[in-house]
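Just upload-v9.txt here, compact mmCIF, C-alpha atoms:
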# COMPACT_ATOMS: atom_id res chain seq x y z
CA MET A 1 -6.85 -3.87 -4.77
CA LYS A 2 -4.56 -0.82 -4.79
CA ARG A 3 -1.91 -2.89 -6.60
CA ILE A 4 -4.46 -3.89 -9.23
CA LEU A 5 -5.37 -0.23 -9.66
CA ALA A 6 -1.73 0.74 -10.14
CA PHE A 7 -1.25 -2.12 -12.61
CA THR A 8 -4.32 -1.01 -14.56
CA VAL A 9 -2.85 2.48 -14.93
CA VAL A 10 0.34 1.00 -16.38
CA CYS A 11 -1.67 -1.26 -18.70
CA LEU A 12 -3.66 1.70 -19.98
CA PHE A 13 -0.40 3.39 -20.92
CA SER A 14 -0.77 2.10 -24.45
CA LEU A 15 -4.18 3.75 -24.71
CA GLY A 16 -2.56 6.92 -23.43
CA LEU A 17 -0.07 6.70 -26.27
CA ILE A 18 -2.89 6.31 -28.74
CA ALA A 19 -4.66 9.33 -27.35
CA ALA A 20 -1.36 11.18 -27.21
CA SER A 21 -0.47 10.66 -30.82
CA HIS A 22 -1.99 13.98 -31.86
CA ALA A 23 1.16 15.93 -31.00
CA GLY A 24 4.39 17.25 -32.39
CA LEU A 25 7.64 15.31 -32.38
CA PHE A 26 11.00 15.55 -30.71
CA ALA A 27 13.34 12.60 -30.95
CA GLN A 28 16.88 11.67 -30.03
CA ASP A 29 17.63 10.42 -33.51
CA ALA A 30 16.29 10.78 -37.05
CA LYS A 31 15.08 7.18 -37.30
CA ALA A 32 12.94 7.49 -34.17
CA MET A 33 11.42 10.69 -35.54
CA GLN A 34 10.64 8.99 -38.85
CA VAL A 35 8.91 6.05 -37.15
CA LEU A 36 6.85 8.35 -34.93
CA GLU A 37 5.88 10.51 -37.91
CA GLU A 38 4.66 7.41 -39.75
CA MET A 39 2.64 6.37 -36.72
CA ILE A 40 0.97 9.78 -36.48
CA GLU A 41 0.04 9.61 -40.15
CA ALA A 42 -1.39 6.11 -39.71
CA MET A 43 -3.41 7.26 -36.70
CA GLY A 44 -5.24 9.80 -38.84
CA GLY A 45 -2.80 12.57 -39.71
CA ARG A 46 -1.36 15.45 -37.74
CA ALA A 47 -4.17 17.98 -38.31
CA THR A 48 -6.95 15.56 -37.34
CA LEU A 49 -5.12 14.25 -34.30
CA MET A 50 -4.11 17.68 -33.00
CA ALA A 51 -7.77 18.70 -32.98
CA ALA A 52 -8.51 16.17 -30.20
CA LYS A 53 -8.57 18.13 -26.93
CA ASP A 54 -10.03 15.47 -24.63
CA MET A 55 -11.04 11.82 -24.69
CA THR A 56 -13.57 9.65 -22.87
CA ALA A 57 -13.28 5.87 -23.21
CA THR A 58 -15.61 3.31 -21.63
CA GLY A 59 -15.28 -0.45 -21.58
CA THR A 60 -14.78 -3.62 -19.60
CA MET A 61 -11.84 -5.17 -17.81
CA GLU A 62 -11.43 -8.89 -17.22
CA MET A 63 -8.91 -10.77 -15.08
CA PRO A 64 -9.44 -14.39 -16.21
CA SER A 65 -6.99 -15.98 -13.78
CA MET A 66 -8.85 -14.42 -10.84
CA GLY A 67 -12.36 -14.82 -12.21
CA MET A 68 -12.96 -11.08 -11.93
CA GLU A 69 -14.77 -8.73 -14.30
CA GLY A 70 -15.57 -5.05 -14.11
CA SER A 71 -16.09 -1.84 -16.02
CA ALA A 72 -13.80 1.12 -16.52
CA THR A 73 -14.12 4.70 -17.75
CA LEU A 74 -11.04 6.68 -18.71
CA TYR A 75 -10.94 10.47 -19.10
CA THR A 76 -7.97 12.41 -20.47
CA MET A 77 -7.58 16.11 -21.18
CA LYS A 78 -4.76 18.28 -22.44
CA GLY A 79 -2.85 19.88 -19.62
CA ASP A 80 -1.70 16.64 -17.95
CA ARG A 81 -5.14 15.60 -16.73
CA PHE A 82 -6.18 11.98 -16.28
CA ARG A 83 -8.99 10.17 -14.46
CA MET A 84 -10.01 6.53 -14.27
CA ASP A 85 -13.20 5.15 -12.67
CA ILE A 86 -13.42 1.39 -12.11
CA GLU A 87 -16.36 -0.73 -10.93
CA ILE A 88 -15.33 -4.22 -9.82
CA MET A 89 -16.51 -6.74 -7.21
CA GLY A 90 -19.16 -4.29 -6.01
CA MET A 91 -16.53 -1.62 -5.36
CA SER A 92 -15.99 1.76 -7.00
CA ILE A 93 -12.38 2.88 -7.47
CA THR A 94 -11.45 6.33 -8.71
CA SER A 95 -7.96 7.68 -9.35
CA ALA A 96 -7.01 10.97 -10.98
CA PHE A 97 -4.31 13.53 -11.68
CA ASP A 98 -5.28 17.17 -12.17
CA GLY A 99 -2.01 18.42 -13.62
CA GLU A 100 -0.45 19.04 -10.22
CA ALA A 101 -1.73 16.51 -7.68
CA GLY A 102 -2.79 12.86 -7.77
CA TRP A 103 -5.55 11.33 -5.66
CA MET A 104 -7.73 8.27 -5.31
CA ILE A 105 -10.84 7.09 -3.49
CA ASN A 106 -9.90 4.18 -1.23
CA PRO A 107 -12.27 1.31 -2.18
CA GLN A 108 -12.17 -0.11 1.35
CA THR A 109 -12.95 3.09 3.28
CA GLY A 110 -14.42 5.45 0.69
CA ALA A 111 -11.97 8.10 1.85
CA VAL A 112 -10.23 10.43 -0.60
CA GLU A 113 -6.47 9.97 -0.34
CA ASP A 114 -3.37 11.39 -1.99
CA LEU A 115 -1.71 8.86 -4.28
CA PRO A 116 1.41 7.32 -2.69
CA GLY A 117 4.84 7.69 -4.29
CA GLU A 118 5.07 4.99 -6.95
CA GLN A 119 1.40 5.18 -7.93
CA LEU A 120 1.70 8.96 -8.19
CA GLU A 121 4.68 8.67 -10.53
CA ASP A 122 2.80 6.18 -12.72
CA MET A 123 -0.19 8.52 -12.86
CA LYS A 124 1.99 11.52 -13.71
CA ARG A 125 3.47 9.66 -16.66
CA GLN A 126 0.02 8.58 -17.83
CA ALA A 127 -1.32 12.14 -17.48
CA ILE A 128 1.41 13.63 -19.67
CA GLY A 129 -0.64 12.41 -22.62
CA ASP A 130 0.01 14.31 -25.82
CA SER A 131 2.79 16.36 -24.24
CA ALA A 132 4.93 13.23 -24.39
CA TYR A 133 5.15 14.02 -28.12
CA LEU A 134 4.32 17.71 -28.22
CA GLU A 135 6.83 18.87 -25.60
CA PRO A 136 9.07 15.92 -24.73
CA GLU A 137 11.94 18.28 -23.90
CA LYS A 138 9.76 19.88 -21.19
CA TYR A 139 9.61 16.52 -19.41
CA GLY A 140 13.07 15.33 -20.42
CA ILE A 141 11.65 12.50 -22.53
CA VAL A 142 13.95 10.98 -25.15
CA TYR A 143 13.07 8.56 -27.97
CA THR A 144 15.71 6.23 -29.35
CA SER A 145 15.40 3.83 -32.26
CA LYS A 146 16.28 0.23 -31.40
CA GLY A 147 15.96 -1.16 -34.91
CA GLN A 148 13.43 -3.81 -35.88
CA GLU A 149 12.19 -7.00 -34.24
CA LYS A 150 9.80 -9.72 -35.38
CA LEU A 151 6.90 -10.43 -33.03
CA GLU A 152 4.90 -13.46 -34.12
CA ASP A 153 3.97 -12.59 -37.72
CA LYS A 154 4.67 -8.87 -37.40
CA ASP A 155 7.81 -6.91 -38.24
CA CYS A 156 7.99 -4.09 -35.73
CA ASP A 157 10.00 -0.90 -35.40
CA VAL A 158 11.28 -0.71 -31.84
CA LEU A 159 11.56 2.60 -29.97
CA LEU A 160 12.82 3.18 -26.45
CA MET A 161 10.99 5.97 -24.60
CA THR A 162 13.03 7.24 -21.63
CA TYR A 163 11.71 9.66 -19.04
CA ALA A 164 13.85 12.16 -17.14
CA ASP A 165 13.79 9.94 -14.04
CA GLY A 166 15.14 7.01 -16.06
CA TYR A 167 11.82 5.13 -16.37
CA GLU A 168 11.72 3.30 -19.70
CA VAL A 169 8.93 2.05 -21.96
CA THR A 170 9.68 0.08 -25.11
CA LEU A 171 7.29 0.63 -28.01
CA TYR A 172 6.77 -1.92 -30.77
CA ILE A 173 5.15 -0.30 -33.83
CA ASP A 174 3.87 -2.51 -36.65
CA SER A 175 6.10 -1.76 -39.65
CA LYS A 176 3.25 -2.52 -42.07
CA THR A 177 0.36 -0.60 -40.51
CA HIS A 178 2.56 1.85 -38.55
CA LEU A 179 0.20 1.41 -35.58
CA LEU A 180 1.33 0.74 -32.02
CA TYR A 181 1.25 -3.01 -31.36
CA LYS A 182 2.93 -3.54 -28.00
CA THR A 183 4.45 -1.70 -25.06
CA VAL A 184 6.80 -3.19 -22.48
CA ALA A 185 7.67 -1.66 -19.12
CA ILE A 186 8.71 -2.66 -15.60
CA ALA A 187 6.05 -2.39 -12.90
CA PRO A 188 5.09 -4.10 -9.63
CA ASN A 189 3.22 -7.39 -9.94
CA PRO A 190 -0.42 -6.61 -8.96
CA MET A 191 -0.55 -9.65 -6.67
CA THR A 192 2.91 -9.81 -5.10
CA GLY A 193 4.16 -6.24 -5.40
CA VAL A 194 7.44 -7.55 -6.83
CA GLU A 195 8.64 -5.68 -9.91
CA GLY A 196 8.42 -7.54 -13.19
CA GLU A 197 7.87 -7.08 -16.91
CA VAL A 198 4.47 -5.77 -17.97
CA GLU A 199 3.39 -6.10 -21.60
CA SER A 200 0.33 -4.58 -23.26
CA ILE A 201 -0.73 -5.72 -26.74
CA SER A 202 -3.09 -3.40 -28.65
CA THR A 203 -5.43 -4.84 -31.28
CA ASP A 204 -8.85 -4.33 -32.90
CA TYR A 205 -8.15 -0.83 -34.22
CA LYS A 206 -11.21 1.15 -35.28
CA LYS A 207 -11.53 4.61 -36.79
CA ILE A 208 -13.20 7.14 -34.48
CA ASP A 209 -13.64 10.68 -35.77
CA GLY A 210 -10.90 10.02 -38.31
CA MET A 211 -8.50 8.57 -35.70
CA MET A 212 -7.43 4.94 -35.34
CA VAL A 213 -7.96 3.67 -31.78
CA ALA A 214 -7.19 0.20 -30.42
CA HIS A 215 -10.27 -1.29 -28.75
CA THR A 216 -8.64 -4.33 -27.13
CA MET A 217 -5.58 -4.34 -24.86
CA THR A 218 -4.35 -7.69 -23.57
CA ASN A 219 -1.94 -7.32 -20.70
CA TYR A 220 0.65 -9.73 -19.37
CA THR A 221 2.76 -9.68 -16.24
CA ASP A 222 5.95 -11.74 -16.32
CA GLY A 223 4.65 -13.51 -19.43
CA GLU A 224 1.29 -14.57 -17.98
CA GLU A 225 -2.00 -13.10 -19.15
CA PHE A 226 -3.48 -10.99 -16.39
CA MET A 227 -5.95 -8.46 -17.74
CA ILE A 228 -7.99 -7.85 -20.90
CA ILE A 229 -9.38 -4.37 -21.46
CA THR A 230 -12.06 -4.00 -24.14
CA LEU A 231 -13.36 -0.59 -25.14
CA ASP A 232 -17.02 -0.26 -26.02
CA GLU A 233 -17.04 3.44 -26.84
CA VAL A 234 -14.47 6.19 -27.39
CA LYS A 235 -15.41 9.87 -27.72
CA PHE A 236 -13.26 12.89 -28.46
CA ASN A 237 -13.93 16.56 -27.75
CA THR A 238 -16.92 16.18 -25.45
CA GLY A 239 -15.96 19.34 -23.58
CA LEU A 240 -14.78 17.76 -20.33
CA ASP A 241 -14.72 20.11 -17.33
CA GLU A 242 -11.41 20.56 -15.49
CA ALA A 243 -13.33 20.02 -12.26
CA LEU A 244 -13.69 16.34 -13.18
CA PHE A 245 -10.01 15.85 -12.38
CA LYS A 246 -9.90 17.87 -9.15
CA LYS A 247 -9.68 16.17 -5.77
CA GLU A 248 -13.20 15.42 -4.56
Now that the file is in, can you turn its structure into structure tokens?
Amino acid sequence: MKRILAFTVVCLFSLGLIAASHAGLFAQDAKAMQVLEEMIEAMGGRATLMAAKDMTATGTMEMPSMGMEGSATLYTMKGDRFRMDIEIMGMSITSAFDGEAGWMINPQTGAVEDLPGEQLEDMKRQAIGDSAYLEPEKYGIVYTSKGQEKLEDKDCDVLLMTYADGYEVTLYIDSKTHLLYKTVAIAPNPMTGVEGEVESISTDYKKIDGMMVAHTMTNYTDGEEFMIITLDEVKFNTGLDEALFKKE
């Protein structure tokens, strides 16, 4: 179950990018900056997006191959804060990062535990949120244009996002709509723990408070469908309390 939790965090990375798009830009090359600028405009425009201080998203998660369904609530807040609450198979799973420390509630014991190494690093990256665009130099993040690639019927601009520790995420941005379509990263397989390719495809964009948000994320591990996340409701600027992210 802990592996599934870690995988879910990676899969929600694309939603983090959507929520993070309300920030400034720093890029390794001019082409990457241009593509990111076009994406920000497509998401609703810089002024509208920068006004989003926090986000709450609720929805369902389905793992068809395992016959499992559950619900999830995601909270993000500027200042590197992230929390995810999952209800699945009669268990409640909470994981969070408060800007400094990461923690989770063990679904087997109910005990509050510090996140272990790899899960903590995943959570830190997720929690960066808008700072990934606003202050990439602070985190040593570099964006590099990798040209264009055709995915099914879509022509996509391809950007490589590289963190200071060398972790890489490839972004595929629809050249027509300028909206994020797919992310690709390397993460442990949720069942075996062996590292493999994780893809997340974002579709069903809807405008919320002037911002375009993907409401369906279909996730694949090593080419096989593993998880479908469907958002029922997304709210911005609800005035989240910092205490929500603190270790319980």
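Across the model, the gap from atom CA of A:Lys138 to atom CA of A:Ser200 is 26.3 Å.
Within the 6 Å cut-off around A:Thr60, using all atoms listed in the file and omitting residues fewer than 6 positions from it on the same chain, the listed residues are Gly70, Ser71, Ala72, Ile229 and Thr230 of chain A.
Take atom CA of A:Gly59 and atom CA of A:Gly129: the distance between them is 19.5 Å.
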Tell me, as a tab-separated table (two decimals) with C-alpha atoms, keeping the file's coordinate frame, which residues lie within 6 Å of A:Thr58, counting all atoms listed in the file; anything in the same chain fewer than 5 positions away does not count.
chain	number	residue	atom	x	y	z
A	72	ALA	CA	-13.80	1.12	-16.52
A	73	THR	CA	-14.12	4.70	-17.75
A	231	LEU	CA	-13.36	-0.59	-25.14
A	232	ASP	CA	-17.02	-0.26	-26.02
A	233	GLU	CA	-17.04	3.44	-26.84
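If all atoms listed in the file are the atoms counted, then among A:Ile93, A:Met211, A:Ala42, A:Leu36 the closest residue to A:Gln108 is A:Ile93.
Taking atom CA of A:Asp155 and atom CA of A:Ser175 as endpoints, the distance between them is 5.6 Å.
Of the residues listed (A:Leu179, A:Lys53, A:Tyr139, A:Lys247), A:Lys247 shows the shortest atom-to-atom separation from A:Trp103; distances use all atoms listed in the file.
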Take every atom of stretch 169-184 of chain A listed in the file, pad by 6 Å on each side, and give me the axis-aligned box centre and edge lengths in Å, one decimal, as lines of an AutoDock Vina configuration file.
center_x = 4.9
center_y = -0.7
center_z = -32.0
size_x = 21.5
size_y = 17.6
size_z = 32.1
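With all atoms listed in the file as the atoms that count, the minimum distance from A:Leu244 to the choices A:Glu149, A:Asp98, A:Glu69, A:Asp54 is reached by A:Asp98.
The residue that comes closest to A:Ala185, out of A:Glu137, A:Asp122, A:Glu100, A:Asp209 and on the basis of all atoms listed in the file, is A:Asp122.
Counting only C-alpha atoms and comparing A:Val234, A:Ile128, A:Glu121, A:Leu240, the residue that lies closest to A:Ala187 is A:Glu121.
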Task: Exercise: residues within 9 Å of coordinate (-8.6, 5.8, -16.0), counting all atoms listed in the file, as a list in words - done: Thr8, Val9, Leu12, Ala57, Ala72, Thr73, Leu74, Tyr75, Thr76, Phe82, Arg83, Met84, Asp85, Ile86, Thr94, Ser95 and Ala96 of chain A
Open item on the list: So that I can check the surroundings of A:Gly102, please list as a ChimeraX atom specification every protein, DNA and RNA residue that reaches within 7 Å of it, counting all atoms listed in the file and ignoring chain neighbours fewer than 6 positions away.
Closed with: /A:96,114-115,120
Output file for the residues above (C-alpha atoms, as a PDB file, in the frame of the given file):
ATOM      1  CA  ALA A  96      -7.010  10.970 -10.980  1.00  0.00           C
ATOM      2  CA  ASP A 114      -3.370  11.390  -1.990  1.00  0.00           C
ATOM      3  CA  LEU A 115      -1.710   8.860  -4.280  1.00  0.00           C
ATOM      4  CA  LEU A 120       1.700   8.960  -8.190  1.00  0.00           C
TER       5      LEU A 120
END
With the input short on atoms, add N, CA and C atoms back to stretch 107-142 of chain A and write it as a PDB file, in the coordinates of the input.
ATOM      1  N   PRO A 107     -11.083   2.169  -2.022  1.00  0.00           N
ATOM      2  CA  PRO A 107     -12.270   1.310  -2.180  1.00  0.00           C
ATOM      3  C   PRO A 107     -12.723   0.652  -0.882  1.00  0.00           C
ATOM      4  N   GLN A 108     -11.808   0.509   0.091  1.00  0.00           N
ATOM      5  CA  GLN A 108     -12.170  -0.110   1.350  1.00  0.00           C
ATOM      6  C   GLN A 108     -12.885   0.869   2.293  1.00  0.00           C
ATOM      7  N   THR A 109     -12.426   2.121   2.319  1.00  0.00           N
ATOM      8  CA  THR A 109     -12.950   3.090   3.280  1.00  0.00           C
ATOM      9  C   THR A 109     -13.816   4.173   2.654  1.00  0.00           C
ATOM     10  N   GLY A 110     -13.683   4.372   1.340  1.00  0.00           N
ATOM     11  CA  GLY A 110     -14.420   5.450   0.690  1.00  0.00           C
ATOM     12  C   GLY A 110     -13.777   6.804   0.880  1.00  0.00           C
ATOM     13  N   ALA A 111     -12.646   6.833   1.579  1.00  0.00           N
ATOM     14  CA  ALA A 111     -11.970   8.100   1.850  1.00  0.00           C
ATOM     15  C   ALA A 111     -11.155   8.551   0.640  1.00  0.00           C
ATOM     16  N   VAL A 112     -11.060   9.859   0.453  1.00  0.00           N
ATOM     17  CA  VAL A 112     -10.230  10.430  -0.600  1.00  0.00           C
ATOM     18  C   VAL A 112      -8.810  10.567  -0.075  1.00  0.00           C
ATOM     19  N   GLU A 113      -7.852   9.983  -0.795  1.00  0.00           N
ATOM     20  CA  GLU A 113      -6.470   9.970  -0.340  1.00  0.00           C
ATOM     21  C   GLU A 113      -5.542  10.469  -1.443  1.00  0.00           C
ATOM     22  N   ASP A 114      -4.409  11.044  -1.030  1.00  0.00           N
ATOM     23  CA  ASP A 114      -3.370  11.390  -1.990  1.00  0.00           C
ATOM     24  C   ASP A 114      -2.722  10.098  -2.469  1.00  0.00           C
ATOM     25  N   LEU A 115      -2.381  10.042  -3.755  1.00  0.00           N
ATOM     26  CA  LEU A 115      -1.710   8.860  -4.280  1.00  0.00           C
ATOM     27  C   LEU A 115      -0.320   8.733  -3.663  1.00  0.00           C
ATOM     28  N   PRO A 116       0.063   7.530  -3.228  1.00  0.00           N
ATOM     29  CA  PRO A 116       1.410   7.320  -2.690  1.00  0.00           C
ATOM     30  C   PRO A 116       2.449   7.367  -3.797  1.00  0.00           C
ATOM     31  N   GLY A 117       3.711   7.478  -3.404  1.00  0.00           N
ATOM     32  CA  GLY A 117       4.840   7.690  -4.290  1.00  0.00           C
ATOM     33  C   GLY A 117       4.831   7.020  -5.643  1.00  0.00           C
ATOM     34  N   GLU A 118       4.926   5.685  -5.682  1.00  0.00           N
ATOM     35  CA  GLU A 118       5.070   4.990  -6.950  1.00  0.00           C
ATOM     36  C   GLU A 118       3.812   5.114  -7.816  1.00  0.00           C
ATOM     37  N   GLN A 119       2.640   5.025  -7.177  1.00  0.00           N
ATOM     38  CA  GLN A 119       1.400   5.180  -7.930  1.00  0.00           C
ATOM     39  C   GLN A 119       1.278   6.595  -8.487  1.00  0.00           C
ATOM     40  N   LEU A 120       1.741   7.577  -7.725  1.00  0.00           N
ATOM     41  CA  LEU A 120       1.700   8.960  -8.190  1.00  0.00           C
ATOM     42  C   LEU A 120       2.589   9.145  -9.411  1.00  0.00           C
ATOM     43  N   GLU A 121       3.775   8.552  -9.392  1.00  0.00           N
ATOM     44  CA  GLU A 121       4.680   8.670 -10.530  1.00  0.00           C
ATOM     45  C   GLU A 121       4.092   8.012 -11.777  1.00  0.00           C
ATOM     46  N   ASP A 122       3.457   6.848 -11.592  1.00  0.00           N
ATOM     47  CA  ASP A 122       2.800   6.180 -12.720  1.00  0.00           C
ATOM     48  C   ASP A 122       1.703   7.072 -13.299  1.00  0.00           C
ATOM     49  N   MET A 123       0.915   7.675 -12.414  1.00  0.00           N
ATOM     50  CA  MET A 123      -0.190   8.520 -12.860  1.00  0.00           C
ATOM     51  C   MET A 123       0.328   9.774 -13.566  1.00  0.00           C
ATOM     52  N   LYS A 124       1.399  10.348 -13.068  1.00  0.00           N
ATOM     53  CA  LYS A 124       1.990  11.520 -13.710  1.00  0.00           C
ATOM     54  C   LYS A 124       2.406  11.199 -15.143  1.00  0.00           C
ATOM     55  N   ARG A 125       3.035  10.050 -15.312  1.00  0.00           N
ATOM     56  CA  ARG A 125       3.470   9.660 -16.660  1.00  0.00           C
ATOM     57  C   ARG A 125       2.262   9.455 -17.568  1.00  0.00           C
ATOM     58  N   GLN A 126       1.212   8.810 -17.031  1.00  0.00           N
ATOM     59  CA  GLN A 126       0.020   8.580 -17.830  1.00  0.00           C
ATOM     60  C   GLN A 126      -0.624   9.915 -18.216  1.00  0.00           C
ATOM     61  N   ALA A 127      -0.639  10.858 -17.267  1.00  0.00           N
ATOM     62  CA  ALA A 127      -1.320  12.140 -17.480  1.00  0.00           C
ATOM     63  C   ALA A 127      -0.587  13.052 -18.460  1.00  0.00           C
ATOM     64  N   ILE A 128       0.671  12.804 -18.713  1.00  0.00           N
ATOM     65  CA  ILE A 128       1.410  13.630 -19.670  1.00  0.00           C
ATOM     66  C   ILE A 128       0.720  13.628 -21.027  1.00  0.00           C
ATOM     67  N   GLY A 129       0.144  12.482 -21.394  1.00  0.00           N
ATOM     68  CA  GLY A 129      -0.640  12.410 -22.620  1.00  0.00           C
ATOM     69  C   GLY A 129       0.090  12.936 -23.834  1.00  0.00           C
ATOM     70  N   ASP A 130      -0.559  13.843 -24.558  1.00  0.00           N
ATOM     71  CA  ASP A 130       0.010  14.310 -25.820  1.00  0.00           C
ATOM     72  C   ASP A 130       1.295  15.095 -25.653  1.00  0.00           C
ATOM     73  N   SER A 131       1.548  15.613 -24.459  1.00  0.00           N
ATOM     74  CA  SER A 131       2.790  16.360 -24.240  1.00  0.00           C
ATOM     75  C   SER A 131       4.018  15.466 -24.337  1.00  0.00           C
ATOM     76  N   ALA A 132       3.818  14.161 -24.223  1.00  0.00           N
ATOM     77  CA  ALA A 132       4.930  13.230 -24.390  1.00  0.00           C
ATOM     78  C   ALA A 132       5.508  13.350 -25.790  1.00  0.00           C
ATOM     79  N   TYR A 133       4.686  13.800 -26.747  1.00  0.00           N
ATOM     80  CA  TYR A 133       5.150  14.020 -28.120  1.00  0.00           C
ATOM     81  C   TYR A 133       5.258  15.501 -28.453  1.00  0.00           C
ATOM     82  N   LEU A 134       4.349  16.288 -27.909  1.00  0.00           N
ATOM     83  CA  LEU A 134       4.320  17.710 -28.220  1.00  0.00           C
ATOM     84  C   LEU A 134       5.481  18.471 -27.599  1.00  0.00           C
ATOM     85  N   GLU A 135       5.769  18.175 -26.337  1.00  0.00           N
ATOM     86  CA  GLU A 135       6.830  18.870 -25.600  1.00  0.00           C
ATOM     87  C   GLU A 135       7.695  17.885 -24.823  1.00  0.00           C
ATOM     88  N   PRO A 136       8.275  16.907 -25.473  1.00  0.00           N
ATOM     89  CA  PRO A 136       9.070  15.920 -24.730  1.00  0.00           C
ATOM     90  C   PRO A 136      10.237  16.551 -23.981  1.00  0.00           C
ATOM     91  N   GLU A 137      10.811  17.628 -24.564  1.00  0.00           N
ATOM     92  CA  GLU A 137      11.940  18.280 -23.900  1.00  0.00           C
ATOM     93  C   GLU A 137      11.525  18.896 -22.566  1.00  0.00           C
ATOM     94  N   LYS A 138      10.264  19.297 -22.445  1.00  0.00           N
ATOM     95  CA  LYS A 138       9.760  19.880 -21.190  1.00  0.00           C
ATOM     96  C   LYS A 138       9.817  18.860 -20.061  1.00  0.00           C
ATOM     97  N   TYR A 139       9.620  17.587 -20.408  1.00  0.00           N
ATOM     98  CA  TYR A 139       9.610  16.520 -19.410  1.00  0.00           C
ATOM     99  C   TYR A 139      10.895  15.699 -19.436  1.00  0.00           C
ATOM    100  N   GLY A 140      11.817  16.071 -20.322  1.00  0.00           N
ATOM    101  CA  GLY A 140      13.070  15.330 -20.420  1.00  0.00           C
ATOM    102  C   GLY A 140      12.919  13.973 -21.049  1.00  0.00           C
ATOM    103  N   ILE A 141      11.894  13.786 -21.887  1.00  0.00           N
ATOM    104  CA  ILE A 141      11.650  12.500 -22.530  1.00  0.00           C
ATOM    105  C   ILE A 141      12.487  12.380 -23.801  1.00  0.00           C
ATOM    106  N   VAL A 142      13.108  11.223 -23.988  1.00  0.00           N
ATOM    107  CA  VAL A 142      13.950  10.980 -25.150  1.00  0.00           C
ATOM    108  C   VAL A 142      13.496   9.693 -25.842  1.00  0.00           C
TER     109      VAL A 142
END
